[in-house]
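Engineer: Structure file protein-v2.cif, mmCIF, C-alpha atoms, is pasted below:
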data_start
loop_
_atom_site.group_PDB
_atom_site.id
_atom_site.type_symbol
_atom_site.label_atom_id
_atom_site.label_comp_id
_atom_site.auth_asym_id
_atom_site.auth_seq_id
_atom_site.Cartn_x
_atom_site.Cartn_y
_atom_site.Cartn_z
ATOM 1 C CA MET A 1 16.536 25.931 -2.632
ATOM 2 C CA GLY A 2 15.571 22.366 -1.607
ATOM 3 C CA THR A 3 15.088 19.377 -3.819
ATOM 4 C CA ASP A 4 11.665 18.147 -4.913
ATOM 5 C CA LYS A 5 11.899 15.340 -2.346
ATOM 6 C CA GLU A 6 12.733 17.797 0.437
ATOM 7 C CA SER A 7 9.794 20.041 -0.455
ATOM 8 C CA ASN A 8 7.537 16.966 -0.718
ATOM 9 C CA ILE A 9 8.536 15.973 2.823
ATOM 10 C CA ARG A 10 7.897 19.493 4.081
ATOM 11 C CA SER A 11 4.483 19.685 2.419
ATOM 12 C CA PHE A 12 3.232 16.173 3.103
ATOM 13 C CA GLY A 13 5.831 14.149 4.989
ATOM 14 C CA ILE A 14 4.662 12.746 8.253
ATOM 15 C CA ASN A 15 7.329 12.403 10.873
ATOM 16 C CA PHE A 16 6.628 9.716 13.452
ATOM 17 C CA PRO A 17 8.150 10.465 16.860
ATOM 18 C CA ASP A 18 10.475 7.795 18.223
ATOM 19 C CA THR A 19 10.879 6.204 14.793
ATOM 20 C CA ASN A 20 13.557 6.347 12.152
ATOM 21 C CA PHE A 21 11.221 6.912 9.188
ATOM 22 C CA VAL A 22 8.923 9.427 7.529
ATOM 23 C CA ILE A 23 5.959 8.804 5.229
ATOM 24 C CA ARG A 24 5.508 10.873 2.092
ATOM 25 C CA ARG A 25 3.888 10.737 -1.332
ATOM 26 C CA CYS A 26 5.727 8.864 -4.029
ATOM 27 C CA THR A 27 7.110 10.857 -6.958
ATOM 28 C CA ALA A 28 8.198 9.720 -10.413
ATOM 29 C CA ASN A 29 11.796 10.038 -9.202
ATOM 30 C CA ASP A 30 11.055 7.445 -6.484
ATOM 31 C CA LEU A 31 9.788 4.692 -8.778
ATOM 32 C CA ASP A 32 13.168 2.995 -9.249
ATOM 33 C CA GLY A 33 13.543 2.796 -5.456
ATOM 34 C CA VAL A 34 10.012 1.424 -5.082
ATOM 35 C CA ILE A 35 10.726 -1.217 -7.713
ATOM 36 C CA GLU A 36 13.945 -2.129 -5.899
ATOM 37 C CA VAL A 37 12.043 -2.689 -2.629
ATOM 38 C CA ASN A 38 9.435 -4.753 -4.455
ATOM 39 C CA GLU A 39 11.986 -6.931 -6.212
ATOM 40 C CA ARG A 40 13.928 -7.546 -2.983
ATOM 41 C CA GLU A 41 10.935 -8.348 -0.812
ATOM 42 C CA LEU A 42 8.113 -9.781 -2.929
ATOM 43 C CA PRO A 43 7.976 -12.599 -5.449
ATOM 44 C CA GLU A 44 5.475 -10.641 -7.591
ATOM 45 C CA ASP A 45 7.073 -8.079 -9.875
ATOM 46 C CA TYR A 46 5.380 -5.463 -12.029
ATOM 47 C CA PRO A 47 6.677 -3.609 -15.085
ATOM 48 C CA TYR A 48 7.688 0.035 -14.699
ATOM 49 C CA PHE A 49 4.625 1.292 -16.606
ATOM 50 C CA PHE A 50 2.339 -0.380 -14.021
ATOM 51 C CA TYR A 51 3.871 1.626 -11.158
ATOM 52 C CA LYS A 52 3.778 4.768 -13.298
ATOM 53 C CA SER A 53 0.094 4.215 -14.099
ATOM 54 C CA ILE A 54 -0.755 3.834 -10.400
ATOM 55 C CA LEU A 55 1.261 6.961 -9.614
ATOM 56 C CA ASP A 56 -0.415 8.959 -12.407
ATOM 57 C CA ASN A 57 -3.933 7.915 -11.383
ATOM 58 C CA TYR A 58 -3.759 7.533 -7.582
ATOM 59 C CA SER A 59 -0.806 9.623 -6.453
ATOM 60 C CA ASP A 60 -2.565 10.731 -3.278
ATOM 61 C CA SER A 61 -2.514 7.161 -1.930
ATOM 62 C CA PHE A 62 0.802 5.941 -3.403
ATOM 63 C CA LEU A 63 3.007 6.503 -0.379
ATOM 64 C CA ILE A 64 6.568 5.631 0.503
ATOM 65 C CA ALA A 65 8.426 5.315 3.771
ATOM 66 C CA CYS A 66 11.952 6.732 3.892
ATOM 67 C CA GLU A 67 14.695 6.847 6.456
ATOM 68 C CA LYS A 68 14.324 10.001 8.535
ATOM 69 C CA GLU A 69 18.001 10.870 8.117
ATOM 70 C CA ASN A 70 18.101 9.952 4.419
ATOM 71 C CA PRO A 71 14.899 10.813 2.530
ATOM 72 C CA ASN A 72 16.357 9.199 -0.603
ATOM 73 C CA LYS A 73 16.457 5.779 1.110
ATOM 74 C CA ILE A 74 13.085 4.127 0.429
ATOM 75 C CA ILE A 75 12.338 1.436 3.008
ATOM 76 C CA GLY A 76 8.756 0.642 2.034
ATOM 77 C CA TYR A 77 5.792 1.623 -0.075
ATOM 78 C CA ILE A 78 2.042 1.152 -0.496
ATOM 79 C CA MET A 79 -0.044 1.616 -3.618
ATOM 80 C CA TRP A 80 -3.787 1.472 -4.250
ATOM 81 C CA ARG A 81 -6.148 1.670 -7.206
ATOM 82 C CA ILE A 82 -9.907 2.054 -7.630
ATOM 83 C CA GLU A 83 -11.964 -0.746 -9.151
ATOM 84 C CA ARG A 84 -15.642 -0.572 -10.034
ATOM 85 C CA THR A 85 -17.033 -4.034 -9.400
ATOM 86 C CA PRO A 86 -20.067 -5.649 -7.777
ATOM 87 C CA SER A 87 -20.308 -5.317 -4.028
ATOM 88 C CA VAL A 88 -19.565 -8.430 -1.996
ATOM 89 C CA ASN A 89 -23.172 -8.659 -0.799
ATOM 90 C CA SER A 90 -25.027 -7.592 -3.957
ATOM 91 C CA LEU A 91 -24.753 -7.059 -7.681
ATOM 92 C CA GLU A 92 -24.681 -3.288 -7.209
ATOM 93 C CA LEU A 93 -21.545 -1.785 -8.761
ATOM 94 C CA VAL A 94 -19.413 0.018 -6.199
ATOM 95 C CA ASN A 95 -16.008 1.650 -6.081
ATOM 96 C CA LYS A 96 -13.483 -0.431 -4.199
ATOM 97 C CA GLY A 97 -10.127 0.738 -2.947
ATOM 98 C CA HIS A 98 -7.872 -2.189 -3.901
ATOM 99 C CA LEU A 99 -4.548 -2.476 -2.094
ATOM 100 C CA VAL A 100 -2.313 -3.399 -5.022
ATOM 101 C CA SER A 101 0.942 -3.808 -3.132
ATOM 102 C CA ILE A 102 2.711 -3.037 0.120
ATOM 103 C CA ALA A 103 6.301 -3.983 0.872
ATOM 104 C CA ILE A 104 8.764 -3.134 3.619
ATOM 105 C CA LEU A 105 12.485 -3.910 3.575
ATOM 106 C CA GLU A 106 13.076 -6.827 5.936
ATOM 107 C CA GLN A 107 15.323 -4.923 8.372
ATOM 108 C CA TYR A 108 12.550 -2.313 8.890
ATOM 109 C CA ARG A 109 9.699 -4.719 9.577
ATOM 110 C CA ARG A 110 7.948 -4.812 12.951
ATOM 111 C CA LYS A 111 8.755 -1.133 13.511
ATOM 112 C CA GLY A 112 5.375 0.335 12.557
ATOM 113 C CA VAL A 113 6.215 1.165 8.946
ATOM 114 C CA ALA A 114 3.425 -0.907 7.377
ATOM 115 C CA SER A 115 0.896 0.387 9.917
ATOM 116 C CA ALA A 116 1.924 3.972 9.190
ATOM 117 C CA LEU A 117 1.614 3.414 5.441
ATOM 118 C CA LEU A 118 -1.858 1.894 5.821
ATOM 119 C CA MET A 119 -3.006 4.539 8.296
ATOM 120 C CA ASN A 120 -2.007 7.370 5.970
ATOM 121 C CA SER A 121 -3.012 5.903 2.616
ATOM 122 C CA MET A 122 -6.482 4.602 3.469
ATOM 123 C CA PRO A 123 -8.027 8.072 4.026
ATOM 124 C CA ALA A 124 -6.515 9.243 0.735
ATOM 125 C CA ILE A 125 -8.024 6.398 -1.294
ATOM 126 C CA GLU A 126 -11.307 6.675 0.623
ATOM 127 C CA LYS A 127 -11.752 10.163 -0.867
ATOM 128 C CA HIS A 128 -12.471 8.437 -4.192
ATOM 129 C CA ASN A 129 -15.982 7.584 -2.956
ATOM 130 C CA ILE A 130 -15.269 3.938 -2.233
ATOM 131 C CA SER A 131 -17.591 1.552 -0.430
ATOM 132 C CA GLU A 132 -15.038 -1.122 0.464
ATOM 133 C CA PHE A 133 -11.315 -1.577 0.923
ATOM 134 C CA VAL A 134 -10.134 -4.901 -0.535
ATOM 135 C CA LEU A 135 -6.867 -6.799 -0.725
ATOM 136 C CA GLU A 136 -5.336 -10.190 -1.334
ATOM 137 C CA VAL A 137 -2.745 -11.665 1.009
ATOM 138 C CA ARG A 138 -0.902 -14.971 0.977
ATOM 139 C CA VAL A 139 -2.560 -17.444 3.342
ATOM 140 C CA SER A 140 0.912 -18.106 4.813
ATOM 141 C CA ASN A 141 1.673 -14.434 5.521
ATOM 142 C CA TYR A 142 0.552 -14.402 9.157
ATOM 143 C CA PRO A 143 2.163 -11.059 10.078
ATOM 144 C CA ALA A 144 0.345 -9.286 7.229
ATOM 145 C CA ILE A 145 -2.953 -11.032 7.963
ATOM 146 C CA ASN A 146 -2.717 -9.964 11.607
ATOM 147 C CA LEU A 147 -1.875 -6.399 10.567
ATOM 148 C CA TYR A 148 -4.929 -6.210 8.317
ATOM 149 C CA LYS A 149 -7.124 -7.651 11.059
ATOM 150 C CA LYS A 150 -5.928 -4.842 13.370
ATOM 151 C CA PHE A 151 -7.259 -2.445 10.738
ATOM 152 C CA ARG A 152 -10.594 -4.352 10.837
ATOM 153 C CA TYR A 153 -10.247 -6.204 7.549
ATOM 154 C CA LYS A 154 -12.119 -9.499 7.489
ATOM 155 C CA ILE A 155 -11.371 -12.608 5.465
ATOM 156 C CA ASN A 156 -14.129 -12.966 2.881
ATOM 157 C CA THR A 157 -12.993 -15.810 0.609
ATOM 158 C CA ILE A 158 -9.978 -17.783 -0.501
ATOM 159 C CA LYS A 159 -8.705 -17.247 -4.036
ATOM 160 C CA LYS A 160 -7.280 -20.591 -5.111
ATOM 161 C CA GLN A 161 -3.803 -20.564 -6.643
ATOM 162 C CA TYR A 162 -3.883 -16.757 -6.797
ATOM 163 C CA TYR A 163 -0.126 -16.302 -6.789
ATOM 164 C CA ARG A 164 2.252 -17.303 -9.562
ATOM 165 C CA ASP A 165 3.791 -20.007 -7.355
ATOM 166 C CA GLY A 166 0.344 -21.551 -6.783
ATOM 167 C CA GLU A 167 -0.230 -20.316 -3.223
ATOM 168 C CA ASN A 168 -3.772 -19.370 -2.230
ATOM 169 C CA ALA A 169 -4.732 -15.867 -1.154
ATOM 170 C CA TYR A 170 -7.216 -14.601 1.360
ATOM 171 C CA TYR A 171 -9.484 -11.949 -0.111
ATOM 172 C CA MET A 172 -9.976 -9.500 2.734
ATOM 173 C CA ILE A 173 -12.527 -6.706 2.928
ATOM 174 C CA LYS A 174 -13.141 -3.690 5.090
ATOM 175 C CA LYS A 175 -16.421 -1.836 4.614
ATOM 176 C CA VAL A 176 -16.256 1.943 4.616
ATOM 177 C CA SER A 177 -18.429 3.414 7.325
ATOM 178 C CA LYS A 178 -20.463 6.280 5.898
#
Can you dump the structure from the file as structure tokens?
Structural biologist:
Amino acid sequence: MGTDKESNIRSFGINFPDTNFVIRRCTANDLDGVIEVNERELPEDYPYFFYKSILDNYSDSFLIACEKENPNKIIGYIMWRIERTPSVNSLELVNKGHLVSIAILEQYRRKGVASALLMNSMPAIEKHNISEFVLEVRVSNYPAINLYKKFRYKINTIKKQYYRDGENAYYMIKKVSK
């Protein structure tokens, strides 16, 4: 009998040929590993209950990347939530898929992990009847900005002093084509 993680990989895990990682849904047992990646790679930290709340409410789009040979080794994650706020171009309230956080361990960057996480999580969050995908990214994070542009996100505004250290963020949007 396999472990929960092994059955999760069999039922959902996406194996990318010519890579050393798989993408699968996050489980409650993975949260400590997700937090470890976040704390190593990002200056913004969240309390455990925040991750748990995202997992409880949006588990279909809370994905992790693991080493292919070691599914317990989390190398990256992505998590989304739904927000009901006015559309960018009107006062009409719409559902937005908000990219809360994505992080990849440094030694696994530039290997397609972030692209794979985005590619597989966006359809899952889109099922929540969203009109727009939105995210914030540091104005100095050129690799991430370029990645989002490849996925057709556009810079909409600058959020002044958005991050705790005072750095500005680009607010990027991608409209959902209906």
Engineer: Taking the file as shown, find all residues satisfying the PyMOL selection byres ((chain A and resi 36) around 12) and write them as a PyMOL selection string.
Structural biologist: chain A and resi 30-35+37-42+45-48+51+73-77+103-105
Engineer: Figure out the distance between CA of His98 in chain A and CA of Thr27 in chain A, please, to one decimal in Å.
Structural biologist: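 So the answer is 20.1 Å.
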Engineer: Pick the closest to Arg84 in chain A from A:Ile130, A:Cys66, A:Met122, A:Ala144: which is it, counting all atoms listed in the file?
Structural biologist: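 Once distances to Arg84 in chain A are computed over all atoms listed in the file, the minimum belongs to A:Ile130.
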Engineer: Report the distance between CA of Pro71 in chain A and CA of Lys52 in chain A in Å, rounded to one decimal place.
Structural biologist: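 Pair CA of Pro71 in chain A / CA of Lys52 in chain A returns 20.3 Å.
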Engineer: Give as a PyMOL selection string the residues that the PyMOL selection byres ((chain A and resi 61) around 7) matches when applied to the coordinates above.
Structural biologist: chain A and resi 58-60+62-63+79-80+121+124-125
